[in-house]
$ cat model25.tsv   # TSV, C-alpha atoms and all ligand atoms
chain	number	residue	atom	x	y	z
I	183	MET	CA	0.00	0.00	0.00
I	184	ALA	CA	1.25	3.50	-0.89
I	185	SER	CA	2.32	5.84	1.91
I	186	LEU	CA	-0.05	8.58	3.08
I	187	ASN	CA	-0.16	11.54	0.70
I	188	LEU	CA	-2.04	14.55	2.10
I	189	ILE	CA	-2.78	15.85	-1.43
I	190	GLU	CA	-4.62	12.67	-2.44
I	191	HIS	CA	-5.75	10.60	0.52
I	192	PRO	CA	-8.56	11.26	3.00
I	193	HIS	CA	-7.05	12.20	6.34
I	194	ARG	CA	-7.79	13.93	9.62
I	195	ARG	CA	-6.04	17.05	10.86
I	196	LEU	CA	-5.89	18.19	14.48
I	197	ASN	CA	-6.76	21.69	15.62
I	198	PRO	CA	-4.38	22.08	18.60
I	199	LEU	CA	-6.40	25.06	19.87
I	200	THR	CA	-9.72	23.25	20.24
I	201	ARG	CA	-8.26	19.72	20.19
I	202	GLU	CA	-10.87	18.80	17.58
I	203	TRP	CA	-10.25	17.03	14.30
I	204	VAL	CA	-11.31	17.98	10.77
I	205	LEU	CA	-11.74	15.41	8.01
I	206	VAL	CA	-10.00	16.42	4.74
I	207	SER	CA	-11.18	14.70	1.53
I	208	PRO	CA	-8.99	16.12	-1.27
I	209	HIS	CA	-10.04	13.43	-3.77
I	210	ARG	CA	-13.60	14.84	-3.80
I	211	THR	CA	-12.79	18.24	-5.35
I	212	GLN	CA	-13.75	16.98	-8.82
I	213	ARG	CA	-17.27	15.85	-7.90
I	214	PRO	CA	-20.17	17.85	-9.37
I	215	TRP	CA	-21.93	20.21	-6.99
I	216	LEU	CA	-25.64	19.44	-6.59
I	217	GLY	CA	-26.37	21.62	-3.59
I	218	GLN	CA	-27.84	25.06	-3.24
I	219	VAL	CA	-26.32	27.75	-5.47
I	220	GLU	CA	-26.77	31.34	-4.34
I	221	LYS	CA	-27.24	34.30	-6.63
I	222	HIS	CA	-24.40	36.84	-6.57
I	223	THR	CA	-25.60	39.81	-4.58
I	224	THR	CA	-23.50	42.52	-6.18
I	225	GLU	CA	-26.21	45.17	-6.46
I	226	ALA	CA	-24.77	48.54	-5.47
I	227	GLN	CA	-25.81	50.00	-2.13
I	228	PRO	CA	-26.47	53.73	-1.68
I	229	ALA	CA	-24.01	55.74	0.47
I	230	TYR	CA	-26.96	56.70	2.68
I	231	GLU	CA	-30.10	54.62	3.26
I	232	PRO	CA	-33.06	56.38	4.92
I	233	GLY	CA	-34.47	53.09	6.29
I	234	CYS	CA	-31.16	51.88	7.82
I	235	TYR	CA	-30.96	51.87	11.62
I	236	MET	CA	-27.20	52.47	11.51
I	237	CYS	CA	-26.94	55.42	9.10
I	238	PRO	CA	-26.20	58.85	10.65
I	239	GLY	CA	-29.23	60.85	11.81
I	240	ASN	CA	-31.71	57.96	11.38
I	241	THR	CA	-34.14	56.98	14.11
I	242	ARG	CA	-33.95	53.36	15.27
I	243	ALA	CA	-37.04	51.18	15.90
I	244	VAL	CA	-36.80	51.83	19.64
I	245	GLY	CA	-37.13	55.58	19.02
I	246	ILE	CA	-33.48	56.58	19.59
I	247	ARG	CA	-31.98	58.88	16.94
I	248	ASN	CA	-28.38	58.20	15.79
I	249	PRO	CA	-26.02	61.20	15.95
I	250	GLU	CA	-24.72	62.70	12.67
I	251	TYR	CA	-21.48	60.77	13.22
I	252	LEU	CA	-18.58	61.20	10.80
I	253	THR	CA	-16.40	58.13	11.35
I	254	THR	CA	-17.49	55.28	13.66
I	255	LEU	CA	-20.45	54.80	16.02
I	256	VAL	CA	-21.04	52.39	18.89
I	257	PHE	CA	-24.36	51.87	20.67
I	258	ASP	CA	-26.06	49.30	22.91
I	259	ASN	CA	-27.88	46.67	20.83
I	260	ASP	CA	-31.61	47.46	20.88
I	261	TYR	CA	-32.42	43.72	21.01
I	262	PRO	CA	-29.56	42.32	23.13
I	263	ALA	CA	-29.03	38.60	23.79
I	264	LEU	CA	-27.51	39.48	27.18
I	265	LEU	CA	-28.64	41.90	29.90
I	266	PRO	CA	-26.35	43.55	32.49
I	267	ASP	CA	-28.70	43.25	35.48
I	268	THR	CA	-29.22	39.48	35.17
I	269	PRO	CA	-29.04	37.81	38.64
I	270	ALA	CA	-26.12	35.40	39.11
I	271	GLY	CA	-28.27	32.54	40.47
I	272	SER	CA	-27.89	28.90	39.45
I	273	PHE	CA	-30.03	25.81	39.05
I	274	ASP	CA	-28.86	22.20	39.35
I	275	GLN	CA	-30.90	19.03	39.51
I	276	LYS	CA	-28.84	15.80	39.86
I	277	GLY	CA	-26.11	17.33	37.67
I	278	LEU	CA	-28.37	16.75	34.67
I	279	LEU	CA	-30.54	19.85	34.56
I	280	VAL	CA	-27.99	22.60	35.04
I	281	ALA	CA	-28.39	26.34	34.37
I	282	ARG	CA	-26.71	29.55	35.47
I	283	GLY	CA	-27.67	33.21	35.22
I	284	GLU	CA	-25.47	35.02	32.67
I	285	PRO	CA	-25.03	38.79	33.01
I	286	GLY	CA	-23.56	40.64	30.06
I	287	LEU	CA	-24.20	43.21	27.37
I	288	CYS	CA	-24.30	43.53	23.60
I	289	ARG	CA	-23.25	46.48	21.47
I	290	VAL	CA	-23.25	47.34	17.77
I	291	ALA	CA	-20.30	49.21	16.22
I	292	CYS	CA	-20.54	50.87	12.79
I	293	PHE	CA	-17.24	50.95	10.85
I	294	SER	CA	-18.19	53.94	8.72
I	295	ARG	CA	-20.94	56.51	8.23
I	296	ARG	CA	-21.17	55.23	4.65
I	297	HIS	CA	-23.83	52.56	4.17
I	298	ASP	CA	-22.15	51.15	1.05
I	299	LEU	CA	-18.60	50.48	2.27
I	300	THR	CA	-16.93	47.36	3.64
I	301	LEU	CA	-13.59	47.06	5.48
I	302	ALA	CA	-11.99	46.07	2.17
I	303	ARG	CA	-13.05	49.33	0.53
I	304	MET	CA	-12.08	51.64	3.40
I	305	SER	CA	-8.70	53.40	3.57
I	306	PRO	CA	-6.04	52.15	6.04
I	307	ALA	CA	-6.57	55.38	8.06
I	308	GLU	CA	-10.31	54.69	8.27
I	309	ILE	CA	-9.73	51.05	9.30
I	310	ARG	CA	-7.27	52.28	11.95
I	311	LEU	CA	-10.18	54.14	13.60
I	312	VAL	CA	-12.11	50.85	13.67
I	313	VAL	CA	-9.13	49.11	15.33
I	314	ASP	CA	-9.01	51.96	17.89
I	315	LEU	CA	-12.74	51.48	18.55
I	316	TRP	CA	-12.32	47.69	19.03
I	317	THR	CA	-9.44	48.27	21.44
I	318	ALA	CA	-11.31	50.92	23.45
I	319	GLN	CA	-14.43	48.73	23.69
I	320	TYR	CA	-12.37	45.69	24.64
I	321	GLN	CA	-10.72	47.70	27.40
I	322	GLU	CA	-13.87	49.43	28.65
I	323	LEU	CA	-16.10	46.34	28.74
I	324	GLY	CA	-13.31	44.04	29.93
I	325	GLY	CA	-12.77	46.45	32.84
I	326	LEU	CA	-16.32	45.95	34.18
I	327	SER	CA	-16.42	43.78	37.31
I	328	SER	CA	-19.17	41.50	35.95
I	329	ILE	CA	-17.41	40.90	32.59
I	330	ASN	CA	-14.78	38.21	31.99
I	331	TYR	CA	-14.83	37.92	28.22
I	332	VAL	CA	-15.34	40.31	25.29
I	333	GLN	CA	-16.08	38.90	21.83
I	334	ILE	CA	-15.91	41.23	18.82
I	335	PHE	CA	-17.29	39.68	15.62
I	336	GLU	CA	-18.74	40.50	12.24
I	337	ASN	CA	-21.46	38.49	10.50
I	338	ARG	CA	-20.79	39.52	6.97
I	339	GLY	CA	-23.25	39.10	4.14
I	340	VAL	CA	-26.90	38.11	3.91
I	341	MET	CA	-25.88	34.42	3.68
I	342	THR	CA	-24.41	34.46	7.19
I	343	GLY	CA	-27.54	36.01	8.63
I	344	ALA	CA	-26.38	39.65	8.77
I	345	SER	CA	-29.56	41.66	8.72
I	346	ASN	CA	-28.14	44.94	7.43
I	347	PRO	CA	-25.44	45.67	4.76
I	348	HIS	CA	-24.21	48.76	6.66
I	349	PRO	CA	-20.59	47.85	7.63
I	350	HIS	CA	-20.69	46.94	11.31
I	351	CYS	CA	-19.67	44.42	13.93
I	352	GLN	CA	-21.15	43.25	17.16
I	353	ILE	CA	-19.55	43.21	20.58
I	354	TRP	CA	-20.82	40.74	23.15
I	355	ALA	CA	-19.38	40.84	26.66
I	356	ASN	CA	-20.32	38.40	29.38
I	357	ALA	CA	-19.47	36.90	32.74
I	358	SER	CA	-18.47	33.39	31.57
I	359	LEU	CA	-15.91	32.27	29.02
I	360	PRO	CA	-17.75	31.01	25.90
I	361	ASN	CA	-17.11	27.37	24.86
I	362	VAL	CA	-14.43	27.91	22.19
I	363	PRO	CA	-12.21	30.42	24.05
I	364	GLU	CA	-12.47	28.26	27.17
I	365	ARG	CA	-11.15	25.22	25.26
I	366	GLU	CA	-8.45	27.34	23.55
I	367	LEU	CA	-7.29	28.80	26.84
I	368	SER	CA	-6.93	25.36	28.33
I	369	SER	CA	-4.91	24.25	25.26
I	370	PHE	CA	-2.62	27.28	25.63
I	371	GLU	CA	-2.07	26.36	29.28
I	372	SER	CA	-1.25	22.70	28.66
I	373	TYR	CA	1.04	23.58	25.75
I	374	SER	CA	2.86	26.16	27.84
I	375	ASP	CA	3.17	23.72	30.79
I	376	GLU	CA	4.62	21.07	28.52
I	377	LYS	CA	6.91	23.19	26.32
I	378	GLN	CA	7.41	26.44	28.26
I	379	SER	CA	6.44	28.24	25.08
I	380	CYS	CA	3.42	29.91	23.39
I	381	LEU	CA	1.34	27.68	21.12
I	382	LEU	CA	0.43	30.40	18.61
I	383	CYS	CA	3.90	32.00	18.51
I	384	ASP	CA	5.42	28.55	17.83
I	385	TYR	CA	2.73	27.82	15.21
I	386	LEU	CA	3.35	31.13	13.42
I	387	ARG	CA	7.13	30.52	13.34
I	388	LEU	CA	6.50	27.11	11.79
I	389	GLU	CA	4.08	28.48	9.19
I	390	LEU	CA	6.48	31.31	8.22
I	391	SER	CA	9.38	28.86	7.84
I	392	LYS	CA	7.33	26.44	5.69
I	393	ASN	CA	5.50	29.15	3.72
I	394	GLU	CA	2.84	26.74	2.39
I	395	ARG	CA	-0.24	28.36	3.88
I	396	VAL	CA	0.82	32.02	4.37
I	397	VAL	CA	-1.55	34.33	2.46
I	398	CYS	CA	0.00	37.73	3.26
I	399	GLN	CA	2.11	39.41	5.91
I	400	ASN	CA	3.63	42.69	7.03
I	401	GLU	CA	6.09	43.62	9.81
I	402	GLY	CA	3.53	43.06	12.56
I	403	PHE	CA	1.12	40.37	11.36
I	404	ALA	CA	0.65	37.36	9.12
I	405	VAL	CA	-2.48	35.74	7.71
I	406	VAL	CA	-2.44	31.96	7.19
I	407	VAL	CA	-4.98	29.35	6.16
I	408	PRO	CA	-4.64	27.23	9.29
I	409	TYR	CA	-3.46	23.63	8.81
I	410	TRP	CA	-6.72	22.55	10.50
I	411	ALA	CA	-9.09	24.98	8.66
I	412	VAL	CA	-12.70	23.76	8.61
I	413	TRP	CA	-14.22	26.33	6.22
I	414	PRO	CA	-12.98	26.34	2.59
I	415	PHE	CA	-11.20	29.74	2.82
I	416	GLU	CA	-10.87	30.07	6.58
I	417	THR	CA	-7.90	32.20	7.64
I	418	LEU	CA	-6.17	33.01	10.91
I	419	LEU	CA	-4.59	36.42	11.51
I	420	LEU	CA	-1.63	36.20	13.88
I	421	SER	CA	0.48	38.85	15.58
I	422	LYS	CA	4.24	38.42	15.14
I	423	ARG	CA	4.78	39.79	18.64
I	424	HIS	CA	3.48	37.79	21.59
I	425	LEU	CA	0.44	39.73	22.82
I	426	GLY	CA	-1.92	38.85	25.65
I	427	THR	CA	-4.70	41.36	24.95
I	428	MET	CA	-5.81	43.87	22.33
I	429	HIS	CA	-4.77	46.92	24.32
I	430	GLU	CA	-1.14	45.75	24.30
I	431	LEU	CA	-1.08	46.76	20.61
I	432	ALA	CA	1.34	49.67	20.06
I	433	SER	CA	0.25	52.54	17.82
I	434	ASP	CA	2.31	51.36	14.83
I	435	GLU	CA	0.93	47.84	15.32
I	436	ARG	CA	-2.62	49.18	15.10
I	437	ASP	CA	-1.72	50.70	11.72
I	438	LEU	CA	-0.18	47.39	10.62
I	439	LEU	CA	-3.31	45.54	11.77
I	440	ALA	CA	-5.49	47.95	9.77
I	441	GLY	CA	-3.27	47.38	6.72
I	442	ILE	CA	-3.37	43.59	6.87
I	443	LEU	CA	-7.14	43.55	7.50
I	444	ARG	CA	-7.58	45.60	4.33
I	445	ASN	CA	-5.30	43.21	2.44
I	446	ILE	CA	-7.05	39.99	3.45
I	447	THR	CA	-10.62	41.35	3.11
I	448	THR	CA	-9.74	42.64	-0.39
I	449	ARG	CA	-8.39	39.22	-1.37
I	450	TYR	CA	-11.60	37.65	-0.10
I	451	ASP	CA	-13.75	40.00	-2.19
I	452	ASN	CA	-11.53	39.43	-5.25
I	453	LEU	CA	-11.83	35.65	-4.91
I	454	PHE	CA	-15.30	35.62	-6.47
I	455	GLU	CA	-15.58	39.32	-7.31
I	456	ALA	CA	-18.36	39.59	-4.78
I	457	PRO	CA	-18.51	40.75	-1.16
I	458	PHE	CA	-17.24	37.60	0.49
I	459	PRO	CA	-18.90	36.16	3.58
I	460	TYR	CA	-15.40	35.25	4.93
I	461	LEU	CA	-15.91	31.56	5.47
I	462	ARG	CA	-17.75	30.18	2.45
I	463	SER	CA	-17.59	30.33	-1.29
I	464	ALA	CA	-19.47	33.33	-2.68
I	465	THR	CA	-22.25	31.37	-4.31
I	466	VAL	CA	-22.46	28.03	-2.56
I	467	ARG	CA	-23.53	27.81	1.03
I	468	LYS	CA	-21.65	25.45	3.29
I	469	PHE	CA	-23.79	24.17	6.13
I	470	MET	CA	-22.62	22.06	9.03
I	471	VAL	CA	-25.21	19.28	8.71
I	472	GLY	CA	-25.33	15.48	8.69
I	473	TYR	CA	-21.90	13.98	9.38
I	474	GLU	CA	-20.46	17.38	10.23
I	475	MET	CA	-23.16	18.14	12.78
I	476	LEU	CA	-23.20	14.67	14.31
I	477	GLY	CA	-19.57	13.66	13.79
I	478	THR	CA	-16.66	15.77	12.59
I	479	PRO	CA	-16.38	18.80	10.22
I	480	GLN	CA	-15.19	17.90	6.72
I	481	ARG	CA	-13.61	19.83	3.83
I	482	ASP	CA	-12.72	19.01	0.23
I	483	ILE	CA	-10.07	21.47	-1.03
I	484	THR	CA	-6.92	21.27	1.06
I	485	PRO	CA	-5.89	24.28	3.19
I	486	GLU	CA	-2.73	24.46	1.01
I	487	SER	CA	-4.68	24.92	-2.23
I	488	ALA	CA	-7.01	27.45	-0.56
I	489	ALA	CA	-3.92	29.44	0.50
I	490	GLU	CA	-2.50	29.19	-3.02
I	491	ARG	CA	-5.69	30.68	-4.49
I	492	LEU	CA	-5.77	33.54	-1.97
I	493	VAL	CA	-2.06	34.30	-2.59
I	494	SER	CA	-2.62	34.44	-6.37
I	495	LEU	CA	-5.14	37.30	-6.06
I	496	THR	CA	-4.31	40.99	-6.29
I	497	ASP	CA	-4.69	43.18	-3.20
I	498	VAL	CA	-6.44	45.86	-5.31
I	499	HIS	CA	-10.20	45.61	-4.78
I	500	TYR	CA	-12.11	44.64	-7.93
I	501	LEU	CA	-14.43	47.63	-7.53
I	502	HIS	CA	-11.44	50.01	-7.35
I	503	ARG	CA	-9.77	48.87	-10.57
I	504	SER	CA	-9.84	51.22	-13.54
I	505	GLY	CA	-13.14	50.99	-15.37
I	506	SER	CA	-15.01	50.14	-12.15
I	507	ALA	CA	-17.09	52.47	-10.00
H	1	ZN	ZN	-26.76	52.40	6.81
H	2	ZN	ZN	2.50	34.03	21.72
$ encode --input "model25.tsv" --output "structure tokens" --more "lines below"
Ligand SMILES: [Zn+2]
Ligand SMILES: [Zn+2]
Amino acid sequence: MASLNLIEHPHRRLNPLTREWVLVSPHRTQRPWLGQVEKHTTEAQPAYEPGCYMCPGNTRAVGIRNPEYLTTLVFDNDYPALLPDTPAGSFDQKGLLVARGEPGLCRVACFSRRHDLTLARMSPAEIRLVVDLWTAQYQELGGLSSINYVQIFENRGVMTGASNPHPHCQIWANASLPNVPERELSSFESYSDEKQSCLLCDYLRLELSKNERVVCQNEGFAVVVPYWAVWPFETLLLSKRHLGTMHELASDERDLLAGILRNITTRYDNLFEAPFPYLRSATVRKFMVGYEMLGTPQRDITPESAAERLVSLTDVHYLHRSGSA
């Protein structure tokens, strides 16, 4: 029998952060796709949308009017999943019916006053203001006595369930560590106990020396398709300097972070010449169902070929090329 070849043979890869496996099936990339195909949603958005609850000066459903902001805006989510005054009580019946009160809060942060922009189409100086906002929110919310974790995330695109095209992210802060960071933290601790070293710093050094999955980099950061990527074009942005929290970022590092965010989001949009929902192909939805929901996540194209495709793209946004709007 031939020896294992990761380009041809089905295999499993370990995510050392979550200690979960992903099934890679590279031999399946030739099979015809019979699943759901989405229509490209490339229709142009207006710079200002009177019905948008995030545009400057508009009144939100709860009756609050947004200020005429010029750069970024942050406000408490009008329909939050978490509430700050939640009592910290708990419920436990035979260790089988277990529940705990979860105090927290949810905010919305707009990246730009312009309804029609995305991070990829903003200037590095404009993205820097977004990085400053993330850092300030992380610090402010993380400083609250009831808060132990701050998650900043963007659901991009209608396909991922984002309800509004206005460029924005959400910030959820709560008392308990969510499942994934809790598992990652415990992996960091065991790795550091065993090797007296940082898991992600070691991983980044290895990726930079092999240069098989590095998509782009600058002096401060690198973007790789992780060896254990689950989503077809999943990437991981890593700091070259060992950092514990966001507010340890120096001023020049915030500029470098803005620059690399612009680079990778532009490559994503250029991949299918459509605003890219980060984790899927532009037209075909990937759902975690069946084997993936009940067993283990699975992917067809290898992380190496995904990285190769992202590297081959220009970092000039397709809408900014000559002849485009
Ligand atoms: Zn808007
Ligand atoms: Zn580190």
$ closest_atom_pairs --input "model25.tsv" --of "chain I" --to "ligand ZN 2 (chain H)" --cutoff "12 Å" --atoms "all atoms listed in the file" --output "Markdown table"
| residue | atom | partner | partner_atom | distance |
| --- | --- | --- | --- | --- |
| I:Phe370 | CA | H:ZN2 | ZN | 9.3 |
| I:Glu371 | CA | H:ZN2 | ZN | 11.7 |
| I:Tyr373 | CA | H:ZN2 | ZN | 11.3 |
| I:Ser374 | CA | H:ZN2 | ZN | 10.0 |
| I:Gln378 | CA | H:ZN2 | ZN | 11.2 |
| I:Ser379 | CA | H:ZN2 | ZN | 7.8 |
| I:Cys380 | CA | H:ZN2 | ZN | 4.5 |
| I:Leu381 | CA | H:ZN2 | ZN | 6.5 |
| I:Leu382 | CA | H:ZN2 | ZN | 5.2 |
| I:Cys383 | CA | H:ZN2 | ZN | 4.0 |
| I:Asp384 | CA | H:ZN2 | ZN | 7.3 |
| I:Tyr385 | CA | H:ZN2 | ZN | 9.0 |
| I:Leu386 | CA | H:ZN2 | ZN | 8.8 |
| I:Arg387 | CA | H:ZN2 | ZN | 10.2 |
| I:Leu420 | CA | H:ZN2 | ZN | 9.1 |
| I:Ser421 | CA | H:ZN2 | ZN | 8.1 |
| I:Lys422 | CA | H:ZN2 | ZN | 8.1 |
| I:Arg423 | CA | H:ZN2 | ZN | 6.9 |
| I:His424 | CA | H:ZN2 | ZN | 3.9 |
| I:Leu425 | CA | H:ZN2 | ZN | 6.2 |
| I:Gly426 | CA | H:ZN2 | ZN | 7.6 |
| I:Thr427 | CA | H:ZN2 | ZN | 10.8 |
$ closest_atom_pairs --input "model25.tsv" --of "region 397-444 of chain I" --to "region 480-486 of chain I" --cutoff "8 Å" --atoms "all atoms listed in the file" --output "tab-separated table"
residue	atom	partner	partner_atom	distance
I:Val407	CA	I:Pro485	CA	5.9
I:Pro408	CA	I:Pro485	CA	6.9
I:Tyr409	CA	I:Pro485	CA	6.2
I:Trp410	CA	I:Pro485	CA	7.6
I:Ala411	CA	I:Pro485	CA	6.4
I:Val412	CA	I:Arg481	CA	6.3
I:Trp413	CA	I:Arg481	CA	7.0
I:Pro414	CA	I:Arg481	CA	6.7
I:Phe415	CA	I:Pro485	CA	7.6
$ residues_near_ligand --input "model25.tsv" --ligand "ligand ZN 1 (chain H)" --cutoff "9 Å" --atoms "only C-alpha atoms and all ligand atoms" --output "PyMOL selection string"
chain I and resi 228-238+240+292+294-298+346-349
$ atom_distance --input "model25.tsv" --atom1 "CA of Pro262 (chain I)" --atom2 "CA of Val312 (chain I)"
21.6 Å
$ closest_residue --input "model25.tsv" --among "I:Ser494, I:Thr448, I:Ser327, I:Ser272" --to "Ser305 (chain I)" --atoms "only C-alpha atoms"
I:Thr448
$ atom_distance --input "model25.tsv" --atom1 "CA of His193 (chain I)" --atom2 "CA of His209 (chain I)"
10.6 Å
$ residues_around --input "model25.tsv" --residues "Asn356 (chain I)" --least-positions-apart "4" --cutoff "6 Å" --atoms "all atoms listed in the file" --output "ChimeraX atom specification"
/I:285-286,329,331
$ closest_atom_pairs --input "model25.tsv" --of "region 333-426 of chain I" --to "region 497-506 of chain I" --cutoff "12 Å" --atoms "only C-alpha atoms" --output "Markdown table"
| residue | atom | partner | partner_atom | distance |
| --- | --- | --- | --- | --- |
| I:Val397 | CA | I:Asp497 | CA | 11.0 |
| I:Cys398 | CA | I:Asp497 | CA | 9.7 |
| I:Gln399 | CA | I:Asp497 | CA | 12.0 |
$ closest_residue --input "model25.tsv" --among "I:Asp314, I:Glu250, I:Asp267, I:Glu389" --to "Leu431 (chain I)" --atoms "only C-alpha atoms"
I:Asp314
$ residues_around --input "model25.tsv" --residues "Asp437 (chain I)" --least-positions-apart "6" --cutoff "10 Å" --atoms "all atoms listed in the file" --output "PDB file with C-alpha atoms, in the coordinates of the input"
ATOM      1  CA  PRO I 306      -6.040  52.150   6.040  1.00  0.00           C
ATOM      2  CA  ALA I 307      -6.570  55.380   8.060  1.00  0.00           C
ATOM      3  CA  ILE I 309      -9.730  51.050   9.300  1.00  0.00           C
ATOM      4  CA  ARG I 310      -7.270  52.280  11.950  1.00  0.00           C
ATOM      5  CA  LEU I 311     -10.180  54.140  13.600  1.00  0.00           C
ATOM      6  CA  VAL I 313      -9.130  49.110  15.330  1.00  0.00           C
ATOM      7  CA  ASP I 314      -9.010  51.960  17.890  1.00  0.00           C
ATOM      8  CA  GLY I 402       3.530  43.060  12.560  1.00  0.00           C
ATOM      9  CA  LEU I 431      -1.080  46.760  20.610  1.00  0.00           C
ATOM     10  CA  LEU I 443      -7.140  43.550   7.500  1.00  0.00           C
TER      11      LEU I 443
END
$ atom_distance --input "model25.tsv" --atom1 "CA of Val362 (chain I)" --atom2 "CA of Ile334 (chain I)"
13.8 Å
$ closest_residue --input "model25.tsv" --among "I:Glu416, I:Asp451, I:Asp434, I:Glu366" --to "Glu202 (chain I)" --atoms "all atoms listed in the file"
I:Glu366
$ residues_around --input "model25.tsv" --residues "Val406 (chain I)" --least-positions-apart "5" --cutoff "7 Å" --atoms "all atoms listed in the file" --output "list in words"
Arg395, Val396, Val397, Thr417, Leu418 and Leu419 of chain I
$ residues_around --input "model25.tsv" --residues "Leu359 (chain I)" --least-positions-apart "3" --cutoff "7 Å" --atoms "all atoms listed in the file" --output "list in words"
Asn330, Tyr331, Pro363 and Glu364 of chain I
$ residues_around --input "model25.tsv" --residues "Thr478 (chain I)" --least-positions-apart "3" --cutoff "9 Å" --atoms "only C-alpha atoms" --output "ChimeraX atom specification"
/I:202-205,473-475
$ write_last_selection --input "model25.tsv" --atoms "C-alpha atoms" --output "short mmCIF file (atom, residue, chain, number, x, y, z; two decimals), in the coordinates of the input"
data_model
loop_
_atom_site.label_atom_id
_atom_site.label_comp_id
_atom_site.auth_asym_id
_atom_site.auth_seq_id
_atom_site.Cartn_x
_atom_site.Cartn_y
_atom_site.Cartn_z
CA GLU I 202 -10.87 18.80 17.58
CA TRP I 203 -10.25 17.03 14.30
CA VAL I 204 -11.31 17.98 10.77
CA LEU I 205 -11.74 15.41 8.01
CA TYR I 473 -21.90 13.98 9.38
CA GLU I 474 -20.46 17.38 10.23
CA MET I 475 -23.16 18.14 12.78
#
